[in-house]
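entry_29.txt (compact mmCIF, C-alpha atoms)
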```
# COMPACT_ATOMS: atom_id res chain seq x y z
CA MET B 1 0.00 0.00 0.00
CA TYR B 2 1.18 3.58 0.49
CA ALA B 3 3.04 2.00 3.38
CA GLN B 4 4.30 -1.38 2.21
CA MET B 5 6.12 -3.99 4.25
CA VAL B 6 6.55 -1.76 7.27
CA LYS B 7 8.83 -3.55 9.70
CA THR B 8 7.20 -3.94 13.11
CA ASP B 9 9.19 -3.63 16.30
CA GLY B 10 8.25 -6.56 18.49
CA ALA B 11 9.54 -10.12 18.20
CA CYS B 12 6.18 -11.72 18.79
CA VAL B 13 2.76 -10.67 20.00
CA LYS B 14 2.70 -10.84 23.79
CA SER B 15 -0.36 -11.98 25.69
CA LEU B 16 -1.81 -9.60 28.28
CA GLU B 17 -0.50 -11.86 31.07
CA ASP B 18 3.07 -11.54 29.82
CA MET B 19 3.03 -7.74 29.83
CA GLU B 20 4.33 -5.35 32.46
CA PRO B 21 1.48 -3.38 34.09
CA GLN B 22 2.11 -0.21 32.03
CA GLU B 23 2.14 -2.06 28.73
CA ARG B 24 -0.86 -4.10 29.74
CA ALA B 25 -2.87 -0.96 30.55
CA PHE B 26 -1.84 0.41 27.16
CA GLN B 27 -2.94 -2.74 25.30
CA GLU B 28 -6.23 -2.82 27.20
CA ARG B 29 -6.98 0.73 26.12
CA ILE B 30 -6.32 -0.24 22.50
CA ASP B 31 -8.49 -3.33 22.85
CA ALA B 32 -11.26 -1.12 24.22
CA GLY B 33 -11.05 1.02 21.09
CA GLN B 34 -9.54 4.06 22.82
CA LYS B 35 -7.21 6.39 20.93
CA ILE B 36 -3.60 6.87 21.97
CA GLU B 37 -2.53 10.54 21.97
CA PRO B 38 0.95 12.05 21.42
CA LYS B 39 2.36 12.63 24.90
CA GLU B 40 0.89 9.50 26.48
CA TRP B 41 3.00 6.50 27.42
CA MET B 42 3.45 3.97 24.61
CA PRO B 43 5.77 1.02 24.04
CA GLU B 44 8.90 2.04 22.14
CA GLY B 45 8.08 -0.54 19.45
CA TYR B 46 4.65 1.02 18.87
CA ARG B 47 6.22 4.45 18.48
CA LYS B 48 8.95 3.28 16.11
CA THR B 49 6.61 1.23 13.96
CA LEU B 50 4.21 4.15 13.64
CA VAL B 51 7.02 6.56 12.73
CA ARG B 52 8.07 4.19 9.95
CA GLN B 53 4.54 3.63 8.71
CA ILE B 54 3.35 7.24 8.81
CA SER B 55 6.54 8.68 7.32
CA GLN B 56 6.51 6.10 4.53
CA HIS B 57 2.89 7.00 3.88
CA ALA B 58 3.81 10.71 3.80
CA HIS B 59 6.75 10.14 1.46
CA SER B 60 4.42 8.25 -0.88
CA GLU B 61 2.04 11.20 -1.06
CA ILE B 62 4.89 13.60 -1.83
CA VAL B 63 6.70 11.40 -4.39
CA GLY B 64 3.28 10.51 -5.82
CA GLN B 65 3.00 14.06 -7.14
CA LEU B 66 5.81 13.45 -9.61
CA PRO B 67 4.28 10.95 -12.08
CA GLU B 68 1.13 13.08 -12.36
CA GLY B 69 2.97 16.38 -12.36
CA ASN B 70 4.54 15.11 -15.57
CA TRP B 71 1.21 15.74 -17.37
CA ILE B 72 0.10 19.09 -15.92
CA THR B 73 1.60 21.04 -18.80
CA ARG B 74 0.22 18.56 -21.35
CA ALA B 75 -3.34 18.05 -20.12
CA PRO B 76 -5.73 17.95 -23.12
CA THR B 77 -7.97 20.84 -21.98
CA LEU B 78 -7.75 23.77 -19.61
CA GLU B 79 -10.40 22.15 -17.39
CA ARG B 80 -8.49 18.87 -17.16
CA LYS B 81 -5.36 20.84 -16.34
CA ALA B 82 -7.07 22.74 -13.51
CA ILE B 83 -8.48 19.47 -12.13
CA LEU B 84 -5.11 17.72 -12.27
CA LEU B 85 -3.44 20.69 -10.58
CA ALA B 86 -5.97 20.55 -7.76
CA LYS B 87 -5.47 16.80 -7.43
CA VAL B 88 -1.69 17.08 -7.26
CA GLN B 89 -2.02 19.92 -4.74
CA ASP B 90 -4.18 17.62 -2.59
CA GLU B 91 -1.39 15.03 -2.62
CA ALA B 92 1.00 17.66 -1.26
CA GLY B 93 -1.57 18.43 1.43
CA HIS B 94 -1.92 14.76 2.32
CA GLY B 95 1.84 14.49 2.69
CA LEU B 96 1.83 17.48 5.03
CA TYR B 97 -1.00 16.14 7.23
CA LEU B 98 0.94 12.90 7.59
CA TYR B 99 4.35 14.46 8.26
CA CYS B 100 2.73 16.46 11.08
CA ALA B 101 1.18 13.29 12.51
CA ALA B 102 4.59 11.58 12.46
CA GLU B 103 6.22 14.61 14.11
CA THR B 104 3.97 14.17 17.16
CA LEU B 105 5.94 10.95 17.80
CA GLY B 106 9.20 12.82 18.24
CA ILE B 107 10.85 12.72 14.82
CA SER B 108 11.59 16.05 13.09
CA ARG B 109 10.51 16.99 9.58
CA ASP B 110 14.10 17.40 8.45
CA GLU B 111 15.02 13.95 9.76
CA MET B 112 12.21 12.42 7.71
CA TYR B 113 13.27 14.30 4.56
CA GLU B 114 16.83 13.20 5.17
CA GLN B 115 15.74 9.55 5.44
CA LEU B 116 13.85 9.85 2.16
CA HIS B 117 16.65 11.63 0.31
CA CYS B 118 19.36 9.21 1.40
CA GLY B 119 17.22 6.21 0.39
CA LYS B 120 16.79 4.85 3.91
CA ALA B 121 13.04 5.48 4.04
CA LYS B 122 10.78 3.86 1.46
CA TYR B 123 7.76 5.10 -0.43
CA SER B 124 5.16 3.10 -2.34
CA SER B 125 6.54 0.98 -5.20
CA ILE B 126 3.78 2.25 -7.51
CA PHE B 127 5.35 5.68 -8.01
CA ASN B 128 8.42 4.19 -9.66
CA TYR B 129 6.52 3.52 -12.88
CA PRO B 130 6.46 6.05 -15.74
CA THR B 131 3.41 7.98 -17.00
CA LEU B 132 3.67 7.54 -20.76
CA SER B 133 0.31 8.82 -21.99
CA TRP B 134 -2.63 10.93 -20.82
CA ALA B 135 -4.54 7.69 -20.17
CA ASP B 136 -1.99 6.92 -17.45
CA ILE B 137 -3.30 9.92 -15.51
CA GLY B 138 -6.77 8.41 -15.65
CA ALA B 139 -5.43 4.97 -14.68
CA ILE B 140 -3.58 6.38 -11.68
CA GLY B 141 -6.68 8.10 -10.31
CA TRP B 142 -8.90 5.10 -10.93
CA LEU B 143 -6.55 2.27 -9.89
CA VAL B 144 -3.85 3.75 -7.67
CA ASP B 145 -6.11 6.09 -5.72
CA GLY B 146 -8.74 3.35 -5.71
CA ALA B 147 -6.26 0.97 -4.09
CA ALA B 148 -5.18 3.68 -1.67
CA ILE B 149 -8.78 4.23 -0.56
CA MET B 150 -9.13 0.50 0.21
CA ASN B 151 -6.26 0.79 2.65
CA GLN B 152 -6.96 4.25 4.03
CA VAL B 153 -10.61 3.85 4.94
CA PRO B 154 -9.87 1.29 7.71
CA LEU B 155 -6.88 3.38 8.86
CA GLN B 156 -9.35 6.07 9.98
CA ARG B 157 -9.97 3.72 12.92
CA CYS B 158 -6.28 3.34 13.69
CA SER B 159 -5.37 3.47 17.40
CA TYR B 160 -3.06 6.48 17.11
CA GLY B 161 -5.18 9.65 17.28
CA PRO B 162 -3.17 12.02 15.05
CA TYR B 163 -2.79 9.36 12.32
CA ALA B 164 -6.48 8.42 12.43
CA ARG B 165 -7.52 12.09 12.21
CA ALA B 166 -5.17 12.73 9.28
CA MET B 167 -6.74 9.73 7.53
CA VAL B 168 -10.24 11.17 8.01
CA ARG B 169 -9.22 14.35 6.19
CA ILE B 170 -7.43 12.38 3.48
CA CYS B 171 -10.31 9.98 2.84
CA LYS B 172 -12.71 12.90 2.40
CA GLU B 173 -10.55 14.22 -0.43
CA GLU B 174 -9.51 10.91 -1.98
CA SER B 175 -12.86 10.17 -3.57
CA PHE B 176 -12.41 13.18 -5.90
CA HIS B 177 -9.11 11.69 -7.03
CA GLN B 178 -10.55 8.34 -7.99
CA ARG B 179 -13.56 9.79 -9.75
CA GLN B 180 -11.56 12.27 -11.80
CA GLY B 181 -9.36 9.40 -13.00
CA PHE B 182 -12.32 7.23 -13.94
CA ASP B 183 -13.88 10.23 -15.71
CA VAL B 184 -10.74 10.72 -17.82
CA LEU B 185 -10.91 7.09 -18.95
CA ALA B 186 -14.70 7.01 -19.44
CA LYS B 187 -14.29 9.93 -21.85
CA MET B 188 -11.36 8.37 -23.71
CA VAL B 189 -13.00 4.98 -24.28
CA LYS B 190 -15.80 6.79 -26.11
CA GLY B 191 -13.24 8.46 -28.38
CA THR B 192 -11.34 7.16 -31.40
CA PRO B 193 -10.06 3.57 -31.58
CA ALA B 194 -6.57 4.95 -30.94
CA GLN B 195 -7.76 6.66 -27.75
CA LYS B 196 -9.47 3.49 -26.56
CA ALA B 197 -6.29 1.51 -27.29
CA MET B 198 -4.38 4.03 -25.19
CA VAL B 199 -6.68 3.32 -22.23
CA GLN B 200 -6.27 -0.46 -22.64
CA ASP B 201 -2.50 0.01 -22.78
CA ALA B 202 -2.60 2.04 -19.57
CA LEU B 203 -4.63 -0.67 -17.81
CA ASP B 204 -2.21 -3.33 -19.07
CA ARG B 205 0.72 -1.48 -17.54
CA TRP B 206 -0.91 -0.32 -14.28
CA TRP B 207 -2.97 -3.36 -13.30
CA TRP B 208 -0.22 -5.50 -11.81
CA PRO B 209 1.70 -2.68 -10.11
CA SER B 210 -1.63 -1.64 -8.54
CA LEU B 211 -2.13 -5.14 -7.09
CA MET B 212 1.45 -4.99 -5.78
CA MET B 213 0.56 -1.86 -3.80
CA PHE B 214 -1.05 -4.05 -1.14
CA GLY B 215 2.26 -5.84 -0.54
CA PRO B 216 2.99 -9.57 -0.56
CA SER B 217 0.75 -12.01 1.26
CA ASP B 218 1.20 -11.38 4.98
CA ASP B 219 -1.05 -13.96 6.62
CA ALA B 220 1.79 -15.63 8.50
CA SER B 221 3.81 -12.50 9.21
CA VAL B 222 4.80 -11.53 12.75
CA HIS B 223 4.99 -7.88 11.69
CA SER B 224 1.41 -8.01 10.61
CA ALA B 225 0.16 -9.75 13.74
CA GLN B 226 1.81 -7.19 16.02
CA SER B 227 0.58 -4.24 13.94
CA MET B 228 -2.93 -5.67 14.05
CA ALA B 229 -2.75 -6.16 17.84
CA TRP B 230 -1.75 -2.49 18.10
CA LYS B 231 -4.56 -1.55 15.68
CA ILE B 232 -2.25 0.27 13.31
CA LYS B 233 -3.17 -2.22 10.62
CA GLN B 234 -6.72 -3.52 10.34
CA ASN B 235 -6.84 -5.93 7.40
CA SER B 236 -4.43 -8.38 5.83
CA ASN B 237 -2.84 -7.48 2.49
CA ASP B 238 -4.66 -10.32 0.76
CA GLU B 239 -8.03 -9.26 2.14
CA LEU B 240 -7.61 -5.75 0.80
CA ARG B 241 -6.28 -6.97 -2.55
CA GLN B 242 -9.33 -9.23 -2.96
CA LYS B 243 -11.63 -6.33 -2.14
CA PHE B 244 -9.89 -4.15 -4.68
CA VAL B 245 -10.15 -6.73 -7.47
CA ASP B 246 -13.82 -7.39 -6.69
CA GLN B 247 -14.59 -3.70 -6.87
CA THR B 248 -12.48 -2.84 -9.90
CA VAL B 249 -13.18 -5.64 -12.40
CA PRO B 250 -16.84 -4.64 -12.97
CA GLN B 251 -15.65 -1.05 -13.54
CA ALA B 252 -13.20 -2.30 -16.16
CA ASP B 253 -16.08 -4.19 -17.76
CA TYR B 254 -18.14 -1.00 -17.82
CA LEU B 255 -15.31 0.77 -19.63
CA GLY B 256 -15.13 -2.11 -22.13
CA LEU B 257 -11.57 -2.98 -21.11
CA THR B 258 -9.86 -6.32 -20.62
CA VAL B 259 -8.06 -6.91 -17.34
CA PRO B 260 -4.66 -8.37 -18.30
CA ASP B 261 -4.96 -11.51 -16.18
CA PRO B 262 -5.77 -14.84 -17.90
CA GLU B 263 -6.53 -16.39 -14.50
CA LEU B 264 -9.19 -13.84 -13.62
CA LYS B 265 -12.49 -15.61 -13.11
CA TRP B 266 -15.64 -15.07 -11.05
CA ASN B 267 -15.88 -17.58 -8.22
CA GLU B 268 -19.52 -17.96 -7.26
CA ALA B 269 -18.74 -20.01 -4.13
CA LYS B 270 -16.57 -17.34 -2.52
CA GLY B 271 -18.55 -14.47 -4.00
CA GLY B 272 -15.42 -12.88 -5.41
CA TYR B 273 -12.92 -13.15 -8.23
CA ASP B 274 -10.07 -15.62 -8.45
CA PHE B 275 -7.02 -13.92 -9.89
CA GLY B 276 -3.36 -14.46 -10.65
CA GLN B 277 -0.35 -13.31 -8.62
CA PRO B 278 1.68 -10.25 -9.58
CA ASP B 279 5.35 -10.78 -10.41
CA TRP B 280 6.73 -10.51 -6.87
CA LYS B 281 10.30 -10.60 -8.14
CA GLU B 282 9.60 -7.34 -9.95
CA PHE B 283 8.04 -5.93 -6.77
CA PHE B 284 11.14 -6.67 -4.68
CA GLU B 285 13.36 -5.19 -7.38
CA VAL B 286 11.32 -1.95 -7.37
CA ILE B 287 11.38 -1.82 -3.54
CA ALA B 288 15.15 -2.35 -3.64
CA GLY B 289 15.50 0.75 -5.83
CA ASN B 290 15.73 -0.89 -9.24
CA GLY B 291 12.33 0.06 -10.69
CA PRO B 292 11.99 1.97 -13.96
CA CYS B 293 11.88 5.42 -12.31
CA ASN B 294 13.40 5.10 -8.81
CA ALA B 295 16.49 7.15 -9.63
CA GLU B 296 14.47 9.80 -11.44
CA ARG B 297 11.95 10.18 -8.59
CA LEU B 298 14.53 10.44 -5.82
CA GLY B 299 16.64 12.72 -8.01
CA ALA B 300 13.67 15.07 -8.45
CA ARG B 301 13.01 15.13 -4.70
CA ARG B 302 16.64 15.83 -3.84
CA LYS B 303 16.86 18.55 -6.47
CA ALA B 304 13.69 20.23 -5.17
CA TRP B 305 15.09 20.15 -1.63
CA ASP B 306 18.53 21.49 -2.61
CA ASP B 307 17.19 24.12 -5.01
CA GLY B 308 14.79 25.34 -2.35
CA ALA B 309 17.45 25.80 0.32
CA TRP B 310 18.09 29.51 -0.46
CA PHE B 311 14.36 30.18 -0.26
CA ARG B 312 13.89 28.41 3.09
CA GLU B 313 16.93 30.17 4.52
CA GLY B 314 15.83 33.55 3.11
CA LEU B 315 12.39 33.37 4.71
CA ALA B 316 13.88 32.21 8.01
CA ALA B 317 16.38 35.11 7.95
CA HIS B 318 13.57 37.57 7.21
CA ALA B 319 11.51 36.18 10.11
CA THR B 320 14.45 36.49 12.50
CA LYS B 321 15.14 40.10 11.45
CA ALA B 322 11.49 41.10 11.73
CA GLU B 323 11.36 39.57 15.20
CA GLN B 324 14.52 41.43 16.25
CA ARG B 325 13.09 44.71 14.96
CA ARG B 326 9.90 44.08 16.88
CA THR B 327 11.62 43.33 20.18
CA ALA B 328 14.01 46.28 19.69
CA GLY B 329 11.01 48.52 19.05
CA GLN B 330 9.34 47.28 22.20
CA ALA B 331 12.51 47.89 24.26
CA ALA B 332 12.79 51.44 22.90
CA GLY B 333 9.09 52.23 23.38
CA MET P 334 19.35 20.61 11.29
CA SER P 335 18.57 23.70 13.28
CA SER P 336 17.37 25.63 10.23
CA GLU P 337 13.97 23.94 10.36
CA TRP P 338 11.08 26.40 10.33
CA PRO P 339 9.12 26.44 13.59
CA LEU P 340 5.94 24.40 14.02
CA TRP P 341 2.55 26.15 14.22
CA GLU P 342 -0.77 24.77 15.42
CA VAL P 343 -3.68 25.70 13.17
CA PHE P 344 -7.22 26.51 14.36
CA ILE P 345 -10.07 27.08 11.93
CA ARG P 346 -13.54 28.50 12.35
CA GLY P 347 -15.97 26.62 10.14
CA GLN P 348 -18.84 28.23 8.26
CA HIS P 349 -21.47 27.93 10.91
CA GLY P 350 -20.64 30.28 13.75
CA LEU P 351 -18.65 27.63 15.62
CA ASN P 352 -15.56 28.01 17.77
CA HIS P 353 -12.14 27.86 16.20
CA ARG P 354 -11.12 24.25 16.23
CA HIS P 355 -7.70 22.62 16.09
CA VAL P 356 -7.19 21.00 12.67
CA GLY P 357 -3.48 20.19 12.61
CA SER P 358 -0.10 21.81 12.38
CA LEU P 359 2.46 23.00 9.85
CA HIS P 360 5.89 24.57 9.51
CA ALA P 361 6.35 28.22 8.54
CA PRO P 362 9.05 30.85 9.10
CA ASP P 363 6.66 33.40 10.66
CA ALA P 364 3.03 33.97 11.61
CA GLU P 365 2.08 35.61 8.33
CA MET P 366 3.44 32.72 6.27
CA ALA P 367 1.81 30.29 8.67
CA ILE P 368 -1.60 31.82 7.87
CA HIS P 369 -0.91 31.59 4.12
CA ASN P 370 0.26 28.00 4.40
CA ALA P 371 -2.69 27.09 6.61
CA ARG P 372 -5.03 28.44 3.94
CA ASP P 373 -3.45 26.14 1.34
CA VAL P 374 -3.06 23.08 3.54
CA TYR P 375 -6.28 23.11 5.56
CA THR P 376 -8.94 25.09 3.65
CA ARG P 377 -8.74 23.95 0.02
CA ARG P 378 -12.47 23.17 0.09
CA ASN P 379 -13.92 26.19 1.86
CA GLU P 380 -13.55 24.59 5.27
CA GLY P 381 -13.23 27.87 7.08
CA VAL P 382 -13.99 31.57 7.43
CA SER P 383 -11.17 32.39 9.85
CA ILE P 384 -7.76 30.99 10.77
CA TRP P 385 -5.72 31.22 13.97
CA VAL P 386 -2.12 30.06 14.13
CA VAL P 387 -0.15 29.62 17.36
CA ARG P 388 3.44 28.56 17.75
CA SER P 389 3.42 25.01 19.09
CA THR P 390 6.03 25.96 21.70
CA ASP P 391 3.64 28.61 23.09
CA ILE P 392 1.03 26.02 24.03
CA THR P 393 0.99 24.68 27.56
CA ALA P 394 -0.74 21.33 27.85
CA SER P 395 -1.97 19.33 30.79
CA VAL P 396 0.03 16.17 31.51
CA PRO P 397 -1.71 13.01 30.27
CA SER P 398 -0.48 10.90 33.21
CA GLU P 399 -2.03 13.40 35.65
CA LYS P 400 -5.42 13.12 34.03
CA GLY P 401 -6.86 11.40 37.10
CA PRO P 402 -6.05 13.98 39.79
CA LEU P 403 -6.72 16.88 37.39
CA PHE P 404 -10.27 15.92 36.54
CA ASP P 405 -11.10 14.06 39.73
CA PRO P 406 -12.84 17.00 41.46
CA SER P 407 -15.69 16.97 38.96
CA ASN P 408 -16.24 13.21 39.18
CA SER P 409 -18.13 13.29 42.45
CA LYS P 410 -20.43 16.16 41.56
CA VAL P 411 -23.08 14.32 39.66
CA TYR P 412 -25.69 16.86 40.80
CA ARG P 413 -24.27 19.22 38.18
CA HIS P 414 -26.14 17.20 35.59
CA PRO P 415 -29.86 17.98 35.37
CA THR P 416 -30.71 14.27 35.12
CA PHE P 417 -29.62 13.96 38.81
CA PHE P 418 -32.97 15.42 39.85
CA ASP P 419 -36.29 13.65 39.61
CA VAL P 420 -39.02 15.82 38.19
CA PRO P 421 -42.53 14.49 38.88
CA GLU P 422 -44.33 13.48 35.71
CA GLU P 423 -47.24 15.84 36.51
CA VAL P 424 -44.92 18.83 36.40
CA GLY P 425 -44.28 18.27 32.70
CA HIS P 426 -41.34 19.71 30.84
CA MET P 427 -38.76 21.54 32.93
```

As C-alpha cells, what does this structure read like?
Amino acid sequence: MYAQMVKTDGACVKSLEDMEPQERAFQERIDAGQKIEPKEWMPEGYRKTLVRQISQHAHSEIVGQLPEGNWITRAPTLERKAILLAKVQDEAGHGLYLYCAAETLGISRDEMYEQLHCGKAKYSSIFNYPTLSWADIGAIGWLVDGAAIMNQVPLQRCSYGPYARAMVRICKEESFHQRQGFDVLAKMVKGTPAQKAMVQDALDRWWWPSLMMFGPSDDASVHSAQSMAWKIKQNSNDELRQKFVDQTVPQADYLGLTVPDPELKWNEAKGGYDFGQPDWKEFFEVIAGNGPCNAERLGARRKAWDDGAWFREGLAAHATKAEQRRTAGQAAG
Amino acid sequence: MSSEWPLWEVFIRGQHGLNHRHVGSLHAPDAEMAIHNARDVYTRRNEGVSIWVVRSTDITASVPSEKGPLFDPSNSKVYRHPTFFDVPEEVGHM
C-alpha cells in the first residue's frame, strides 16, 4: 500500500499476562477502542513502527505528485489541467498532514526528509513507474487512488489519534481523485479507436503494479500480527487486494476494457474473483530501488530540496530580522 | 538541522458560527506565512472563514499521566447534571 512492508518492532505478539502493568494498561486501552494521543506512554516498538509507517505514507504522497505532475503542462484541456493541478495539490496536502502526525511521535521533519533523500526510508513501489500517456493519468486516479482508498478507509480507525484524524481528512478528499481518474478514462474509451487503445494500454501497464501496492501475502507475518494487535493495521494485504479486485473488475467491464490476467475468473462459491499473482520478483526489485523510475523520482526530490534551500533560509532570515526589529522597538518604546 | 522552520498549530472557524477548532499543524518561518500555508493546507475546500495560528512551543498542555487527579474534582459532583434530579411526571417539561 502507500506504506508497504513496514517492519514492526516486536519479536512476537505478547499476551496480556506476559506484559508489564504499564504495557498491559496500554494494550487494554487499544483493545477497548480508545485512541492513543501524542504525549501518552506507549511502548517504544509502537512508536517506532508508527514513525516508519506514517513517514513512509507521507513520502508516498509527496513522491506521488511526480508521475502526475509530468502531465500538468500537457493536459488535453484547460479544465483537465485545472483538475489535475488541484489533485496534485491535494497530494501535497496529504503528505503534510501525515508528516505532522509523524512529528507528534518525536521525529523532526528534516530527519524524515533526510531519510527519504538518502534512500533509507521507502515510499510506495507504484510511483516508480512512468506515466507515458494521458490515459496513465486516468489509470492512476482510478486504480492507484482506488487501491489507496481500500487501505486508508480502515486506517481512519487506527489506534493512534493524530494518524487516524489525518486519515479522516485524506479519505474525504480521496474520492475526488478516484472519480476524476475514472472520468478521464470514461471519456477516452468513447473516443477514437486509438484513444481506446491508449486506455487499454494504460490498464495493461498499471494493473499488476496496482495489485502490488497491497504488498505480498502477509497472513503468516509476525509484523502483521503485532501491527494488528496495536490496531495500526486492520486488514491483511490479501483481504484488501481481494476487495480491490472485486470492486475494480466490474468497472473495467463497464469501460469495455480487458483486465490483463488470464486467470481472472468469477468464483460464485466465494462471492469474489479468483485472480493471478503479480510478479513478486519485480516488486522486490522496485522496492530495492531498481524500478523503472526510482532514480528519477529520488533525483527530483533531492533537487527540489537542494534548489529550495536559499528560499527556506531567506524566509527564516527575514523572520528572524522582523522579530529582532519588533523586540528592539518594544525595548525602545 | 537547526534551520527547520518552527511548528505552528492551526485553528479554523468553520462556516457555521462555531468556535475555532484545532485541525493540525504546519511549519512556517513566521506567523504571516503560517496563515498563508494554513489556507493552502487546511482550507482547500472552503472549510473555514477564519484561521488562527499559534506557535506550538507557546502552548501549555496538561500532563496526560495526571489526568486522574486533574479531573477528579468533577467526578463526584453528579448533581451538576440535570438528570440527577427527579421531576414528577405531573410537572411536565422543565

Closest-contact table, chain B side, partner chain P, 12 Å, counting all atoms listed in the file, as CSV:
```
residue,atom,partner,partner_atom,distance
B:Gln22,CA,P:Ser398,CA,11.5
B:Ile36,CA,P:Pro397,CA,10.5
B:Glu37,CA,P:Pro397,CA,8.7
B:Pro38,CA,P:Pro397,CA,9.3
B:Lys39,CA,P:Pro397,CA,6.7
B:Glu40,CA,P:Pro397,CA,5.8
B:Trp41,CA,P:Ser398,CA,8.1
B:Met42,CA,P:Ser398,CA,11.7
B:Ala86,CA,P:Arg377,CA,8.9
B:Lys87,CA,P:Arg377,CA,10.8
B:Gln89,CA,P:Asp373,CA,8.8
B:Asp90,CA,P:Arg377,CA,8.2
B:Glu91,CA,P:Val374,CA,10.3
B:Ala92,CA,P:Val374,CA,8.3
B:Gly93,CA,P:Val374,CA,5.3
B:His94,CA,P:Val374,CA,8.5
B:Gly95,CA,P:Val374,CA,9.9
B:Leu96,CA,P:Leu359,CA,7.4
B:Tyr97,CA,P:Gly357,CA,7.2
B:Leu98,CA,P:Gly357,CA,9.9
B:Tyr99,CA,P:Leu359,CA,8.9
B:Cys100,CA,P:Ser358,CA,6.2
B:Ala101,CA,P:Gly357,CA,8.3
B:Ala102,CA,P:Ser358,CA,11.3
B:Glu103,CA,P:Ser358,CA,9.7
B:Thr104,CA,P:Ser358,CA,9.9
B:Ser108,CA,P:Glu337,CA,8.7
B:Arg109,CA,P:Glu337,CA,7.8
B:Asp110,CA,P:Met334,CA,6.8
B:Glu111,CA,P:Met334,CA,8.1
B:Met112,CA,P:Met334,CA,11.4
B:Tyr113,CA,P:Met334,CA,11.0
B:Glu114,CA,P:Met334,CA,9.9
B:Gly161,CA,P:Gly357,CA,11.7
B:Pro162,CA,P:Gly357,CA,8.5
B:Tyr163,CA,P:Gly357,CA,10.9
B:Arg165,CA,P:Val356,CA,8.9
B:Ala166,CA,P:Gly357,CA,8.3
B:Val168,CA,P:Val356,CA,11.3
B:Arg169,CA,P:Tyr375,CA,9.3
B:Ile170,CA,P:Tyr375,CA,11.0
B:Lys172,CA,P:Arg378,CA,10.5
B:Glu173,CA,P:Arg378,CA,9.2
B:Phe176,CA,P:Arg378,CA,11.6
B:Ala309,CA,P:Ser336,CA,9.9
B:Trp310,CA,P:Ser336,CA,11.4
B:Phe311,CA,P:Pro362,CA,10.8
B:Arg312,CA,P:Trp338,CA,8.0
B:Glu313,CA,P:Ser336,CA,7.3
B:Gly314,CA,P:Pro362,CA,9.4
B:Leu315,CA,P:Pro362,CA,6.1
B:Ala316,CA,P:Pro362,CA,5.1
B:Ala317,CA,P:Pro362,CA,8.6
B:His318,CA,P:Pro362,CA,8.3
B:Ala319,CA,P:Asp363,CA,5.6
B:Thr320,CA,P:Pro362,CA,8.5
B:Lys321,CA,P:Asp363,CA,10.8
B:Ala322,CA,P:Asp363,CA,9.2
B:Glu323,CA,P:Asp363,CA,9.0
```

Could you give me the centre and size, in Å to one decimal, of an axis-aligned box around all listed atoms of stretch 311-327 of chain B with 3 Å added on every side, as JSON?
```
{"center_x": 13.4, "center_y": 36.6, "center_z": 10.0, "size_x": 13.0, "size_y": 22.3, "size_z": 26.4}
```

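Distance-wise, atom CA of B:Ala288 and atom CA of B:Leu264 end up 28.7 Å apart.
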
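Between atom CA of B:Lys14 and atom CA of B:Ala229 lies a distance of 9.3 Å.
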
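The space between atom CA of B:Ala164 and atom CA of B:Gly119 spans 26.7 Å.
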
12 Å contact set for P:Arg346, all atoms listed in the file, chain neighbours under 4 positions out, as number ranges by chain:
P: 350-356, 372, 375-376, 379-386

What lies within 9 Å of stretch 234-242 of chain B using all atoms listed in the file, ignoring chain neighbours under 5 positions off, as a PyMOL selection string?
chain B and resi 1+147+150-151+154-155+157-158+211-219+224+227-229+247+272-275
